[in-house]
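Below is one structure; the comments refer to it alone.
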Amino acid sequence: EYPVNVTGFSLDPEANNIVLLELDAEIYNSDLITLSYEADNGNLRTLDGVLATSILDEQVVFEKDNILASTSFDFGFENSTNDNWKYLWWGGVWEKYNLNVSEENIYQGKKSAYIEMEAGGGMIMGHKDASNAEVTFPLEGVGTYEVGAWIYVETIGDGASIPDLRFYWSPNTDWGIGGSFFENDWPVGKWVYSSTQIKAAASDNYNFMIRGHNEFNSQECKFYMDDITVAKLDLRP
């Protein structure tokens, strides 16, 4: 752990609902940072005058430079249809899912992807253009990247077997990447940012194989996904 203290704060002059914190140490976009606020010892108020509630160890999400934003990869599902998110023909449990580009529940923008993985099922899909070619994004090797997405779980399933969601990329696929986007204490009915770190072995144009696994779950897993991110990380020395 690296202790970081708040030495001062101010309101953003352009947005009075944003508090700017001054810190006594350097932070990196690869750090896992949590923030706490004690309402009993502060006078932070919302714009409509309501006292802010306490925050305990809430995770900070960095606004990183999303590499996908400068490519044709539709990271926010704004300009693509169901036909652009193709099943990748792995067979078996991997075809037991449904995806629908939807306007029903979004993190930001106008659309998100709504995914239902069947009980005992799974998913393997990729992003393709109108000519059925993989939509790619450039990475510089060798480097460490964060791959993340905002996820809203509608139902996690039976609770005994937690579904698994991973983003593999090709070429130079690392099948041993750790860390499912879903965790044991995953909240239901709330947008949550989840991510993992992957190393790029070489400079190339990459595409995603998005894999969900629900094979050992006796119930469906239903969730929305929005704003996929790929960002190069600045690692702490």
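Every chain in the structure tokens takes a letter, A first, then B, and so on in the order presented; its residues are numbered from 1, and the ligands are numbered from 1 following the presented order.
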| task | Using only C-alpha atoms, determine which residues lie at most 7 Å from Asn217 of chain A, disregarding the query and same-chain residues fewer than 6 positions distant; provide the list as a PyMOL selection string. | result | chain A and resi 119-120+157-158+161
Give me a file of those residues, with all heavy atoms, as a PDB file, in the first residue's frame.
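result_36.pdb was written with the following content:
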```pdb
ATOM      1  N   ALA A 119     -28.660 -20.924 -18.723  1.00  0.00           N
ATOM      2  CA  ALA A 119     -28.217 -21.820 -17.663  1.00  0.00           C
ATOM      3  C   ALA A 119     -27.413 -22.954 -18.292  1.00  0.00           C
ATOM      4  O   ALA A 119     -27.848 -23.572 -19.263  1.00  0.00           O
ATOM      5  CB  ALA A 119     -29.424 -22.370 -16.911  1.00  0.00           C
ATOM      6  N   GLY A 120     -26.227 -23.193 -17.780  1.00  0.00           N
ATOM      7  CA  GLY A 120     -25.360 -24.207 -18.360  1.00  0.00           C
ATOM      8  C   GLY A 120     -24.763 -23.808 -19.698  1.00  0.00           C
ATOM      9  O   GLY A 120     -24.278 -24.657 -20.437  1.00  0.00           O
ATOM     10  N   GLY A 157     -27.510 -15.283 -11.556  1.00  0.00           N
ATOM     11  CA  GLY A 157     -27.747 -16.721 -11.606  1.00  0.00           C
ATOM     12  C   GLY A 157     -28.064 -17.278 -10.236  1.00  0.00           C
ATOM     13  O   GLY A 157     -28.671 -16.603  -9.392  1.00  0.00           O
ATOM     14  N   ASP A 158     -27.637 -18.513  -9.972  1.00  0.00           N
ATOM     15  CA  ASP A 158     -28.006 -19.183  -8.723  1.00  0.00           C
ATOM     16  C   ASP A 158     -27.168 -18.729  -7.531  1.00  0.00           C
ATOM     17  O   ASP A 158     -27.467 -19.071  -6.390  1.00  0.00           O
ATOM     18  CB  ASP A 158     -27.930 -20.703  -8.885  1.00  0.00           C
ATOM     19  CG  ASP A 158     -26.548 -21.191  -9.317  1.00  0.00           C
ATOM     20  OD1 ASP A 158     -25.555 -20.485  -9.063  1.00  0.00           O
ATOM     21  OD2 ASP A 158     -26.467 -22.277  -9.910  1.00  0.00           O
ATOM     22  N   SER A 161     -22.523 -20.634  -8.397  1.00  0.00           N
ATOM     23  CA  SER A 161     -21.478 -20.653  -9.423  1.00  0.00           C
ATOM     24  C   SER A 161     -21.456 -19.294 -10.108  1.00  0.00           C
ATOM     25  O   SER A 161     -22.402 -18.943 -10.816  1.00  0.00           O
ATOM     26  CB  SER A 161     -21.746 -21.764 -10.449  1.00  0.00           C
ATOM     27  OG  SER A 161     -20.796 -21.722 -11.489  1.00  0.00           O
TER      28      SER A 161
END
```
Find the residues near Leu56 of chain A: any atom within 9 Å, counting only C-alpha atoms, skip ones fewer than 6 places away on the same chain, and give them as a tab-separated table (two decimals) with C-alpha atoms, in the first residue's frame.
```tsv
chain	number	residue	atom	x	y	z
A	34	THR	CA	-10.10	3.77	-2.93
A	35	LEU	CA	-11.66	6.88	-1.44
A	36	SER	CA	-13.52	7.43	1.82
A	37	TYR	CA	-15.52	10.39	3.16
A	38	GLU	CA	-17.01	10.75	6.65
```
| request: Choose the residue, out of A:Ala231, A:Leu23, A:Leu32, A:Ile55, that has the smallest atom-to-atom separation from Thr144 of chain A; count only C-alpha atoms. | output: A:Ala231
| Counting only C-alpha atoms, what is within 7 Å of segment 61-72 of chain A, bar same-chain residues fewer than 2 positions away, as an MDAnalysis selection string? | chainID A and resid 29 59 74:75 135 137 229:231
Could you make a table, as CSV, of the residues of segment 98-177 of chain A that have an atom within 9 Å of an atom of segment 204-209 of chain A, each with its nearest atom pair and distance in Å to one decimal, counting only C-alpha atoms, in chain and number order?
```
residue,atom,partner,partner_atom,distance
A:Ile124,CA,A:Met209,CA,6.4
A:Met125,CA,A:Met209,CA,5.7
A:Gly126,CA,A:Met209,CA,5.1
A:His127,CA,A:Phe208,CA,7.1
A:Glu134,CA,A:Asn207,CA,6.4
A:Val135,CA,A:Asn207,CA,6.2
A:Thr136,CA,A:Asn207,CA,4.6
A:Phe137,CA,A:Asn205,CA,5.3
A:Pro138,CA,A:Asn205,CA,4.4
A:Leu139,CA,A:Asp204,CA,5.8
A:Glu140,CA,A:Asp204,CA,6.9
A:Gly141,CA,A:Asp204,CA,7.8
A:Arg166,CA,A:Met209,CA,8.5
A:Phe167,CA,A:Met209,CA,6.0
A:Tyr168,CA,A:Met209,CA,5.1
A:Trp169,CA,A:Phe208,CA,4.5
A:Ser170,CA,A:Tyr206,CA,5.4
A:Pro171,CA,A:Tyr206,CA,6.1
A:Asn172,CA,A:Tyr206,CA,8.6
```
Residues of the last selection are to be written out with N, CA, C and O atoms, as a PDB file, in the first residue's frame.
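Done, and the output landed in out-v5.pdb:
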```pdb
ATOM      1  N   ILE A 124     -19.247 -16.798 -26.938  1.00  0.00           N
ATOM      2  CA  ILE A 124     -18.000 -16.370 -27.567  1.00  0.00           C
ATOM      3  C   ILE A 124     -18.390 -15.517 -28.771  1.00  0.00           C
ATOM      4  O   ILE A 124     -19.060 -15.983 -29.682  1.00  0.00           O
ATOM      5  N   MET A 125     -18.002 -14.242 -28.746  1.00  0.00           N
ATOM      6  CA  MET A 125     -18.419 -13.340 -29.819  1.00  0.00           C
ATOM      7  C   MET A 125     -17.303 -12.353 -30.143  1.00  0.00           C
ATOM      8  O   MET A 125     -16.391 -12.124 -29.351  1.00  0.00           O
ATOM      9  N   GLY A 126     -17.392 -11.781 -31.336  1.00  0.00           N
ATOM     10  CA  GLY A 126     -16.440 -10.774 -31.765  1.00  0.00           C
ATOM     11  C   GLY A 126     -17.146  -9.688 -32.551  1.00  0.00           C
ATOM     12  O   GLY A 126     -18.293  -9.861 -32.992  1.00  0.00           O
ATOM     13  N   HIS A 127     -16.457  -8.577 -32.740  1.00  0.00           N
ATOM     14  CA  HIS A 127     -17.014  -7.418 -33.448  1.00  0.00           C
ATOM     15  C   HIS A 127     -16.570  -7.478 -34.906  1.00  0.00           C
ATOM     16  O   HIS A 127     -15.368  -7.513 -35.196  1.00  0.00           O
ATOM     17  N   GLU A 134     -13.059  -8.795 -39.219  1.00  0.00           N
ATOM     18  CA  GLU A 134     -12.843  -8.418 -37.826  1.00  0.00           C
ATOM     19  C   GLU A 134     -12.557  -6.916 -37.718  1.00  0.00           C
ATOM     20  O   GLU A 134     -11.776  -6.366 -38.493  1.00  0.00           O
ATOM     21  N   VAL A 135     -13.198  -6.245 -36.758  1.00  0.00           N
ATOM     22  CA  VAL A 135     -12.887  -4.848 -36.464  1.00  0.00           C
ATOM     23  C   VAL A 135     -11.710  -4.841 -35.499  1.00  0.00           C
ATOM     24  O   VAL A 135     -11.773  -5.438 -34.417  1.00  0.00           O
ATOM     25  N   THR A 136     -10.634  -4.170 -35.871  1.00  0.00           N
ATOM     26  CA  THR A 136      -9.390  -4.259 -35.115  1.00  0.00           C
ATOM     27  C   THR A 136      -9.026  -2.919 -34.475  1.00  0.00           C
ATOM     28  O   THR A 136      -9.606  -1.880 -34.768  1.00  0.00           O
ATOM     29  N   PHE A 137      -8.009  -2.983 -33.613  1.00  0.00           N
ATOM     30  CA  PHE A 137      -7.458  -1.802 -32.961  1.00  0.00           C
ATOM     31  C   PHE A 137      -5.953  -2.013 -32.805  1.00  0.00           C
ATOM     32  O   PHE A 137      -5.492  -3.142 -32.596  1.00  0.00           O
ATOM     33  N   PRO A 138      -5.143  -0.956 -32.910  1.00  0.00           N
ATOM     34  CA  PRO A 138      -3.687  -1.118 -32.876  1.00  0.00           C
ATOM     35  C   PRO A 138      -3.140  -1.096 -31.446  1.00  0.00           C
ATOM     36  O   PRO A 138      -3.582  -0.315 -30.612  1.00  0.00           O
ATOM     37  N   LEU A 139      -2.178  -1.966 -31.202  1.00  0.00           N
ATOM     38  CA  LEU A 139      -1.465  -1.969 -29.926  1.00  0.00           C
ATOM     39  C   LEU A 139       0.029  -1.960 -30.190  1.00  0.00           C
ATOM     40  O   LEU A 139       0.498  -2.524 -31.180  1.00  0.00           O
ATOM     41  N   GLU A 140       0.747  -1.311 -29.294  1.00  0.00           N
ATOM     42  CA  GLU A 140       2.196  -1.261 -29.389  1.00  0.00           C
ATOM     43  C   GLU A 140       2.801  -2.245 -28.389  1.00  0.00           C
ATOM     44  O   GLU A 140       2.523  -2.185 -27.211  1.00  0.00           O
ATOM     45  N   GLY A 141       3.596  -3.156 -28.856  1.00  0.00           N
ATOM     46  CA  GLY A 141       4.264  -4.065 -27.936  1.00  0.00           C
ATOM     47  C   GLY A 141       5.684  -3.584 -27.696  1.00  0.00           C
ATOM     48  O   GLY A 141       6.263  -2.919 -28.536  1.00  0.00           O
ATOM     49  N   ARG A 166     -14.426 -12.852 -19.850  1.00  0.00           N
ATOM     50  CA  ARG A 166     -13.053 -12.468 -20.173  1.00  0.00           C
ATOM     51  C   ARG A 166     -12.960 -11.961 -21.596  1.00  0.00           C
ATOM     52  O   ARG A 166     -13.682 -12.412 -22.477  1.00  0.00           O
ATOM     53  N   PHE A 167     -12.039 -11.027 -21.803  1.00  0.00           N
ATOM     54  CA  PHE A 167     -11.761 -10.489 -23.128  1.00  0.00           C
ATOM     55  C   PHE A 167     -10.405 -11.019 -23.587  1.00  0.00           C
ATOM     56  O   PHE A 167      -9.371 -10.617 -23.059  1.00  0.00           O
ATOM     57  N   TYR A 168     -10.420 -11.930 -24.549  1.00  0.00           N
ATOM     58  CA  TYR A 168      -9.181 -12.386 -25.173  1.00  0.00           C
ATOM     59  C   TYR A 168      -8.971 -11.608 -26.461  1.00  0.00           C
ATOM     60  O   TYR A 168      -9.925 -11.242 -27.147  1.00  0.00           O
ATOM     61  N   TRP A 169      -7.684 -11.352 -26.777  1.00  0.00           N
ATOM     62  CA  TRP A 169      -7.449 -10.715 -28.064  1.00  0.00           C
ATOM     63  C   TRP A 169      -6.580 -11.589 -28.953  1.00  0.00           C
ATOM     64  O   TRP A 169      -5.908 -12.500 -28.504  1.00  0.00           O
ATOM     65  N   SER A 170      -6.675 -11.303 -30.232  1.00  0.00           N
ATOM     66  CA  SER A 170      -5.932 -12.041 -31.250  1.00  0.00           C
ATOM     67  C   SER A 170      -5.372 -11.032 -32.249  1.00  0.00           C
ATOM     68  O   SER A 170      -6.029 -10.029 -32.554  1.00  0.00           O
ATOM     69  N   PRO A 171      -4.123 -11.238 -32.743  1.00  0.00           N
ATOM     70  CA  PRO A 171      -3.211 -12.378 -32.527  1.00  0.00           C
ATOM     71  C   PRO A 171      -2.508 -12.304 -31.178  1.00  0.00           C
ATOM     72  O   PRO A 171      -2.848 -11.446 -30.351  1.00  0.00           O
ATOM     73  N   ASN A 172      -1.525 -13.173 -30.994  1.00  0.00           N
ATOM     74  CA  ASN A 172      -0.732 -13.213 -29.757  1.00  0.00           C
ATOM     75  C   ASN A 172      -1.622 -13.373 -28.532  1.00  0.00           C
ATOM     76  O   ASN A 172      -1.433 -12.714 -27.512  1.00  0.00           O
TER      77      ASN A 172
END
```
| said: Counting only C-alpha atoms, which residue out of A:Asp174, A:Glu58, A:Asp164, A:Asp12 sits closest to Tyr193 of chain A? | reply: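 Distance minimum relative to Tyr193 of chain A lands on A:Glu58.
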| All strand (DSSP E) residues (DSSP, backbone) inside segment 14-177 of chain A, as a ChimeraX atom specification | /A:15-23,34-37,55-59,85-87,97-102,112-117,121-127,137-139,143-155,164-170
| task | Show which residues sit within 8 Å of Glu78 of chain A, as number ranges by chain. Count only C-alpha atoms, and ignore same-chain residues fewer than 6 positions away. | result | A: 109-112
Generate a file of the selected residues that holds N, CA and C atoms, formatted as a PDB file, in the first residue's frame.
```
ATOM      1  N   GLY A 109     -24.369   7.473 -23.463  1.00  0.00           N
ATOM      2  CA  GLY A 109     -24.754   7.345 -24.856  1.00  0.00           C
ATOM      3  C   GLY A 109     -26.213   6.954 -24.970  1.00  0.00           C
ATOM      4  N   LYS A 110     -26.552   6.239 -26.034  1.00  0.00           N
ATOM      5  CA  LYS A 110     -27.939   5.863 -26.272  1.00  0.00           C
ATOM      6  C   LYS A 110     -28.171   4.356 -26.291  1.00  0.00           C
ATOM      7  N   LYS A 111     -27.076   3.564 -26.345  1.00  0.00           N
ATOM      8  CA  LYS A 111     -27.248   2.123 -26.471  1.00  0.00           C
ATOM      9  C   LYS A 111     -26.236   1.370 -25.607  1.00  0.00           C
ATOM     10  N   SER A 112     -26.549   0.121 -25.371  1.00  0.00           N
ATOM     11  CA  SER A 112     -25.635  -0.816 -24.718  1.00  0.00           C
ATOM     12  C   SER A 112     -25.939  -2.200 -25.268  1.00  0.00           C
TER      13      SER A 112
END
```
| message | I'd like the neighbourhood of Phe77 of chain A as a list of chain:residue names, where a residue qualifies if any of its atoms comes within 10 Å (using only C-alpha atoms), though same-chain residues fewer than 4 positions away should be ignored. | response | A:Phe73, A:Thr81, A:Asn82, A:Asn84, A:Trp85, A:Val101, A:Ser102, A:Glu103, A:Ile106, A:Gly109, A:Lys110, A:Lys111, A:Ser112, A:Ala113, A:Met225, A:Asp226, A:Asp227, A:Ile228
Limited to N, CA and C atoms, could you put the picked residues into a file as a short mmCIF file (atom, residue, chain, number, x, y, z; two decimals), in the first residue's frame?
```cif
data_model
loop_
_atom_site.label_atom_id
_atom_site.label_comp_id
_atom_site.auth_asym_id
_atom_site.auth_seq_id
_atom_site.Cartn_x
_atom_site.Cartn_y
_atom_site.Cartn_z
N PHE A 73 -13.86 0.48 -33.98
CA PHE A 73 -14.44 -0.44 -33.01
C PHE A 73 -15.53 0.28 -32.23
N THR A 81 -25.17 -2.95 -34.91
CA THR A 81 -26.39 -3.71 -34.71
C THR A 81 -26.03 -5.11 -34.20
N ASN A 82 -27.05 -5.91 -33.94
CA ASN A 82 -26.80 -7.27 -33.49
C ASN A 82 -25.93 -8.03 -34.48
N ASN A 84 -23.47 -7.09 -36.13
CA ASN A 84 -22.04 -6.77 -36.05
C ASN A 84 -21.32 -7.49 -34.91
N TRP A 85 -22.10 -8.15 -34.04
CA TRP A 85 -21.50 -8.86 -32.91
C TRP A 85 -21.75 -10.34 -33.13
N VAL A 101 -28.40 -5.42 -29.07
CA VAL A 101 -28.03 -4.01 -28.90
C VAL A 101 -29.31 -3.26 -28.54
N SER A 102 -29.31 -2.64 -27.35
CA SER A 102 -30.54 -2.16 -26.75
C SER A 102 -30.43 -0.71 -26.29
N GLU A 103 -31.58 -0.05 -26.21
CA GLU A 103 -31.66 1.30 -25.66
C GLU A 103 -32.29 1.30 -24.27
N ILE A 106 -28.55 2.04 -20.28
CA ILE A 106 -27.24 2.44 -20.80
C ILE A 106 -26.41 3.07 -19.69
N GLY A 109 -24.37 7.47 -23.46
CA GLY A 109 -24.75 7.34 -24.86
C GLY A 109 -26.21 6.95 -24.97
N LYS A 110 -26.55 6.24 -26.03
CA LYS A 110 -27.94 5.86 -26.27
C LYS A 110 -28.17 4.36 -26.29
N LYS A 111 -27.08 3.56 -26.35
CA LYS A 111 -27.25 2.12 -26.47
C LYS A 111 -26.24 1.37 -25.61
N SER A 112 -26.55 0.12 -25.37
CA SER A 112 -25.63 -0.82 -24.72
C SER A 112 -25.94 -2.20 -25.27
N ALA A 113 -25.16 -3.19 -24.87
CA ALA A 113 -25.42 -4.57 -25.27
C ALA A 113 -26.10 -5.29 -24.11
N MET A 225 -23.81 -4.45 -21.00
CA MET A 225 -22.40 -4.08 -21.11
C MET A 225 -22.27 -2.83 -21.97
N ASP A 226 -21.42 -1.90 -21.56
CA ASP A 226 -21.27 -0.63 -22.27
C ASP A 226 -19.83 -0.13 -22.12
N ASP A 227 -19.43 0.74 -23.04
CA ASP A 227 -18.16 1.45 -22.97
C ASP A 227 -16.96 0.55 -22.68
N ILE A 228 -16.67 -0.31 -23.65
CA ILE A 228 -15.46 -1.15 -23.57
C ILE A 228 -14.23 -0.24 -23.71
#
```
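Within the 7 Å cut-off around Pro163 of chain A, using only C-alpha atoms and omitting residues fewer than 4 positions from it on the same chain, the listed residues are Phe182, His213 and Asn214 of chain A.
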| Taking only C-alpha atoms into account, which of A:Thr173, A:Ser195, A:Ser203, A:Ser218 comes nearest Ser30 of chain A? |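 Smallest separation from Ser30 of chain A among the options: A:Ser195.
Comparing A:Ala200, A:Ile162, A:Leu11, A:Val147 by their smallest distance to Asn184 of chain A, the closest is A:Ile162 (using only C-alpha atoms).
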Can you pull out every residue from segment 37-127 of chain A that DSSP, working from the backbone, puts in helix (DSSP H, G or I), and format the result as a compact mmCIF listing (two decimals) with N, CA and C atoms, in the first residue's frame?
```
# COMPACT_ATOMS: atom_id res chain seq x y z
N ALA A 39 -19.24 11.67 6.54
CA ALA A 39 -20.24 12.74 6.53
C ALA A 39 -20.30 13.47 7.87
N ASP A 40 -20.05 12.76 8.97
CA ASP A 40 -20.15 13.37 10.30
C ASP A 40 -19.08 14.43 10.52
N ASN A 41 -17.99 14.36 9.75
CA ASN A 41 -16.89 15.30 9.94
C ASN A 41 -16.73 16.28 8.77
N ILE A 67 -8.04 3.70 -26.38
CA ILE A 67 -7.50 3.48 -27.72
C ILE A 67 -8.62 3.21 -28.72
N LEU A 68 -9.69 2.55 -28.28
CA LEU A 68 -10.78 2.20 -29.18
C LEU A 68 -11.50 3.43 -29.73
N ALA A 69 -11.41 4.56 -29.02
CA ALA A 69 -12.14 5.76 -29.44
C ALA A 69 -11.66 6.32 -30.76
N SER A 70 -10.43 6.02 -31.15
CA SER A 70 -9.88 6.53 -32.41
C SER A 70 -9.90 5.47 -33.51
N ASN A 82 -27.05 -5.91 -33.94
CA ASN A 82 -26.80 -7.27 -33.49
C ASN A 82 -25.93 -8.03 -34.48
N ASP A 83 -26.11 -7.75 -35.77
CA ASP A 83 -25.37 -8.47 -36.81
C ASP A 83 -23.88 -8.18 -36.78
N ASN A 84 -23.47 -7.09 -36.13
CA ASN A 84 -22.04 -6.77 -36.05
C ASN A 84 -21.32 -7.49 -34.91
N GLY A 92 -20.41 -26.27 -28.72
CA GLY A 92 -20.66 -26.61 -27.32
C GLY A 92 -21.46 -25.55 -26.59
N VAL A 93 -21.05 -25.28 -25.35
CA VAL A 93 -21.79 -24.33 -24.51
C VAL A 93 -21.64 -22.89 -25.02
N TRP A 94 -20.64 -22.65 -25.89
CA TRP A 94 -20.29 -21.27 -26.25
C TRP A 94 -21.32 -20.59 -27.16
N GLU A 95 -22.29 -21.33 -27.66
CA GLU A 95 -23.33 -20.73 -28.48
C GLU A 95 -24.64 -20.53 -27.72
```
| request: Kindly indicate which residue among A:Lys199, A:Tyr114, A:Gly49, A:Ser194 lies nearest to Ile177 of chain A, using only C-alpha atoms for the distances. | output: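 Going through A:Lys199, A:Tyr114, A:Gly49, A:Ser194 one by one, the smallest distance to Ile177 of chain A is for A:Lys199.
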